[in-house]
Each structure stands twice: as C-alpha cells, then as structure tokens.
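As structure tokens, the structure follows; a few thoughts come after it.
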Amino acid sequence: MGDSRRTIRTVDGLVDAGLVADGDRSELGRIAERYAISVTTTMRGRIGAVDDPVGRQFVPDRRELLGTPEELADPIGDLPFTPVPGITHRYPDRVLLKPLQMCPVYCRFCFRREMVGPEHGVLGDDDLCRAMDYIRERPQIWEVILTGGDPLMLPPARLRRIVDELDAIAHIGVVRVHTRVPVVSPERITDAMVRVLTGDTPVWVVVHCNHRQELGEAALTALRSLADSGVPLLSQTVLLKGVNDTADALEDLFRTLVRNRVKPYYLHQSDLAPGTSHFRTSIASGQEIVRTLRGAVSGLCQPTYVLDIPGGHGKVPIGTTYIEPDGDEYLVTDPNGRHHRYPPGSAPAGMEAA
Ligand SMILES: *Cc1c(COP(=O)(O)O)cnc(C)c1O
C-alpha cells in the first residue's frame with residue numbers, strides 16, 4: 001500500500017501539512033487520544049482549506065471536546081443488537097457484519113467514533129467463525145451488509161474468503177458493502193479487489209460521499225472500474241452543517257454521482273455522536289433542502305432522507321409528507337407547494353390555487 005504510508009495520522013502530521021496551526025497542537029492532541037485521525041494522500045489533495053467541505057470532514061476541530069446532553073456514545077443503539085462480536089442484527093432479513101474497525105479516513109462526525117480506530121483492529125478468526133455460524137443458523141437472513149470500519153480496507157484475499165463463505169450459504173441472496181474507499185483511497189480498487197466484488201453472489205457497493213469536492217479523477221476512475229465490471233453502485237451522504245447543507249451543494253453532488261453511475265440511496269440526518277454538535281443541522285432545515293430538490297432535480301438524484309432512531313429502533317424516512325387524508329379523499333401537495341384533491345374532480349372552486 002504505497003499510498004497508505006503517507007497517510008496523515010497524527011496532529012504533528014497535520015501541522016507539517018499546514019492543516020493545523022502550531023498553537024493548536026496540545027488541544028488537538030487531546031482529541032486525537034480519543035478519536036483517531038487519518039487523512040489519506042488522496043483526500044489531502046482534495047482539501048483546499050481546513051474549513052472547506054473536505055477539510056471539515058477529516059481535520060479535527062476543538063469543538064469536538066464539547067459534548068451536549070443529548071449525545072450518545074452508541075447513538076443508533078448498535079450494542080443492544082449485537083448478539084455475537086462483529087454482528088449487528090436489528091431487522092429480520094439483514095445483518096451488519098463488521099470484519100474490522102479500521103477506516104482509510106476518520107470522519108470527524110462518525111456515528112461509530114467511539115468504536116472505530118486503528119487500535120481496534122480486525123475481527124479475529126474465531127469471532128469471524130462465530131459470526132458466520134450466526135448467519136448460517138438463521139435462514140431469515142437474506143442480506144449481509146459488510147461495514148465496520150471499512151471492509152474494503154481488508155486485503156482482497158481476506159475479503160474473498162468472507163464473500164465466498166457467504167456465497168456458500170443458500171439463504172444469502174445479496175451482500176452489500178458500505179465503504180469510503182473508492183473515494184478516499186481509490187488505489188485500493190485494484191483488479192483483484194474488483195474480482196472479489198464480482199463473484200457469483202451479487203455484491204452491491206454503497207459509497208459514502210458527502211461533497212462534490214471529494215470526487216477527484218482517481219475516485220471517478222475507481223467508480224468507473226466498479227461500474228464497468230457490473231457492480232451496482234449506490235451512495236449514502238450525511239447531511240452536515242458547513243459541508244453540504246444547501247440544496248445547491250447536494251444537487252451538484254447527486255448529479256455528479258448519477259453521471260458516474262452511482263444512485264443516491266440515503267441522505268442521513270447526522271447522528272447524535274459525541275462532540276459532533278457543530279455538524280448537526282435541524283431536521284426542519286433538512287426537510288426544506290429535500291423539498292427544494294424534489295421536482296427541480298431528476299428523480300435519479302433523489303436519495304431518501306432518513307433518521308436512524310436513537311436506541312436501535314431503526315431507520316425511517318423523514319422527508320416531508322405530500323399527502324394528507326381529507327375525509328374519504330386526500331389532499332396532495334405538488335412540488336411547487338400547491339394543493340390538489342385526490343381523486344381530482346371533487347375540488348370546490350378555488351381549491352386548486354392555494
Ligand atoms: C442501516 C442499517 C441496516 C441497513 O438498512 P437499509 O434500510 O436496508 O439500508 C441494517 N442493519 C442495521 C443495524 C442498520 O443500522
């Protein structure tokens with residue numbers, strides 16, 4: 001991994017790279033003790049300034065030391081749904097399998113920031129065996145979502161073993177990989193990696209990307225090689241204050257993704273992770289942004305805006321509703337904000353022009 005040796009992993013490294021002022025060394029050092037730092041060479045190359053949409057995602061900020069009362073170490077309640085190490089099983093037909101807790105970059109807003117980092121390592125062989133047994137013994141599990149950590153940080157041979165083992169389980173229909181690698185560490189999308197992702201079991205890849213500025217030539221080439229090989233590509237984006245919380249920024253990102261054959265899947269409300277309040281937008285402003293995109297921008301570019309309910313109660317769509325029951329009929333709002341009765345024809349005069 002020629003590139004990974006030059007990844008910035010320390011506050012000193014950030015100072016040397018000119019991303020952090022010398023005077024901030026000790027304060028940011030305290031943050032680094034709790035939350036790992038990693039900025040790949042590729043992402044370093046996409047940062048124009050520390051407070052731009054890419055810099056803010058990866059360069060630690062003193063505000064990470066400010067906790068707020070509503071923040072939670074386990075914001076979406078993974079722990080109560082962890083029957084064996086490496087597995088999170090919340091919904092009947094799908095499980096998360098976390099084969100490692102390391103990432104190519106450490107996002108400052110990560111909802112698993114208390115669980116990930118280079119010191120957490122890889123799920124050992126015994127634990128992996130037990131996780132596979134758990135899946136094998138439960139025929140209701142149809143989909144396995146590899147996440148972590150970032151599963152594409154694994155050497156292709158180790159990832160192949162996992163995919164092959166899942167492939168041998170008759171009730172597994174689909175494997176999904178949640179990853180940042182194609183964008184932040186595109187050199188890892190080698191031919192060997194692409195071959196692992198294009199075996200017999202369909203593997204869907206969901207790429208985490210939050211701003212157009214993350215997508216350089218190398219990232220687009222990596223996405224192209226996955227798409228050309230037949231890997232279905234989706235994206236997920238976290239709505240982040242100061243990074244992408246405008247309709248224009250999201251429109252630019254989603255159009256770029258679709259042009260590169262990636263279908264925007266989820267737009268996440270930022271979770272209540274510790275020390276991330278400076279990233280959180282209100283749900284009302286998120287709904288306003290999503291409403292602005294609806295109608296104005298191709299349906300291909302519309303992800304579902306979702307909230308992961310704290311406590312492990314699952315993800316639900318939280319975009320605004322466009323329909324309300326009204327007696328035996330409905331009142332529907334169009335993308336321009338005008339109201340209509342459904343079925344039509346029964347509207348009292350003047351109703352259509354609200
Ligand atoms: C997000 C998540 C999933 C995947 O949910 P989808 O809506 O299918 O994308 C599955 N399990 C857990 C525990 C999750 O947090």
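Residue names in the structure tokens use chain letters A, B, ... in the order shown, residue numbers from 1 in each chain, and ligand numbers from 1 in the order shown.
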Using only C-alpha atoms and all ligand atoms, find each residue in chain A having at least one atom no more than 7 Å away from ligand 1; report its shortest atom-to-atom pair and that distance in Å (one decimal), rows by chain then rising number, as a tab-separated table.
```
residue	atom	partner	partner_atom_place_in_ligand_line	distance
A:Asp78	CA	ligand 1	13 (C)	6.5
A:Thr88	CA	ligand 1	13 (C)	5.3
A:His89	CA	ligand 1	13 (C)	5.6
A:Arg90	CA	ligand 1	13 (C)	4.8
A:Tyr91	CA	ligand 1	11 (N)	6.1
A:Arg94	CA	ligand 1	10 (C)	5.9
A:Val95	CA	ligand 1	11 (N)	5.3
A:Leu96	CA	ligand 1	11 (N)	5.5
A:Ile145	CA	ligand 1	10 (C)	7.0
A:Gly314	CA	ligand 1	15 (O)	6.6
A:Lys315	CA	ligand 1	7 (O)	6.3
```
>> Give me the residues near region 27-31 of chain A as a list in words, where near means some atom within 8 Å (using only C-alpha atoms) and where sequence neighbours in that chain fewer than 6 positions away do not count.
In response: Val11, Pro60, Asp61, Arg62, Glu64 and Leu65 of chain A
> In Å, with one decimal, what is the gap from CA of Leu220 (chain A) to CA of Met153 (chain A)?
Replying inline: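 Computing the Euclidean distance for CA of Leu220 (chain A) and CA of Met153 (chain A) yields 18.5 Å.
Once Trp204 (chain A) and its same-chain neighbours fewer than 4 positions away are set aside, A:Val174, A:Val175, A:Arg176, A:Val177, A:Val231, A:Pro232, A:Leu233, A:Leu234 remain within 8 Å of it when counting only C-alpha atoms.
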Atoms to include: N, CA and C atoms. Write the selected residues as an mmCIF file, in the first residue's frame.
```
data_model
loop_
_atom_site.group_PDB
_atom_site.id
_atom_site.type_symbol
_atom_site.label_atom_id
_atom_site.label_comp_id
_atom_site.auth_asym_id
_atom_site.auth_seq_id
_atom_site.Cartn_x
_atom_site.Cartn_y
_atom_site.Cartn_z
ATOM 1 N N VAL A 174 -27.943 -11.556 -1.148
ATOM 2 C CA VAL A 174 -27.209 -10.355 -1.523
ATOM 3 C C VAL A 174 -26.181 -10.016 -0.453
ATOM 4 N N VAL A 175 -25.030 -9.533 -0.900
ATOM 5 C CA VAL A 175 -24.034 -8.973 0.007
ATOM 6 C C VAL A 175 -23.927 -7.487 -0.327
ATOM 7 N N ARG A 176 -23.870 -6.671 0.706
ATOM 8 C CA ARG A 176 -23.735 -5.233 0.484
ATOM 9 C C ARG A 176 -22.473 -4.759 1.190
ATOM 10 N N VAL A 177 -21.739 -3.857 0.565
ATOM 11 C CA VAL A 177 -20.510 -3.324 1.155
ATOM 12 C C VAL A 177 -20.693 -1.822 1.342
ATOM 13 N N VAL A 231 -20.667 -3.941 -11.034
ATOM 14 C CA VAL A 231 -21.031 -3.792 -9.622
ATOM 15 C C VAL A 231 -22.084 -2.687 -9.502
ATOM 16 N N PRO A 232 -23.288 -2.995 -8.967
ATOM 17 C CA PRO A 232 -24.276 -1.929 -8.778
ATOM 18 C C PRO A 232 -23.801 -0.961 -7.692
ATOM 19 N N LEU A 233 -23.874 0.329 -8.002
ATOM 20 C CA LEU A 233 -23.337 1.338 -7.086
ATOM 21 C C LEU A 233 -24.442 2.248 -6.565
ATOM 22 N N LEU A 234 -24.457 2.416 -5.235
ATOM 23 C CA LEU A 234 -25.348 3.354 -4.560
ATOM 24 C C LEU A 234 -24.473 4.277 -3.729
#
```
>> Counting only C-alpha atoms, which residue out of A:Gly242, A:Gly13, A:Pro317, A:Gly173 sits closest to Gly55 (chain A)?
In response: A:Gly242
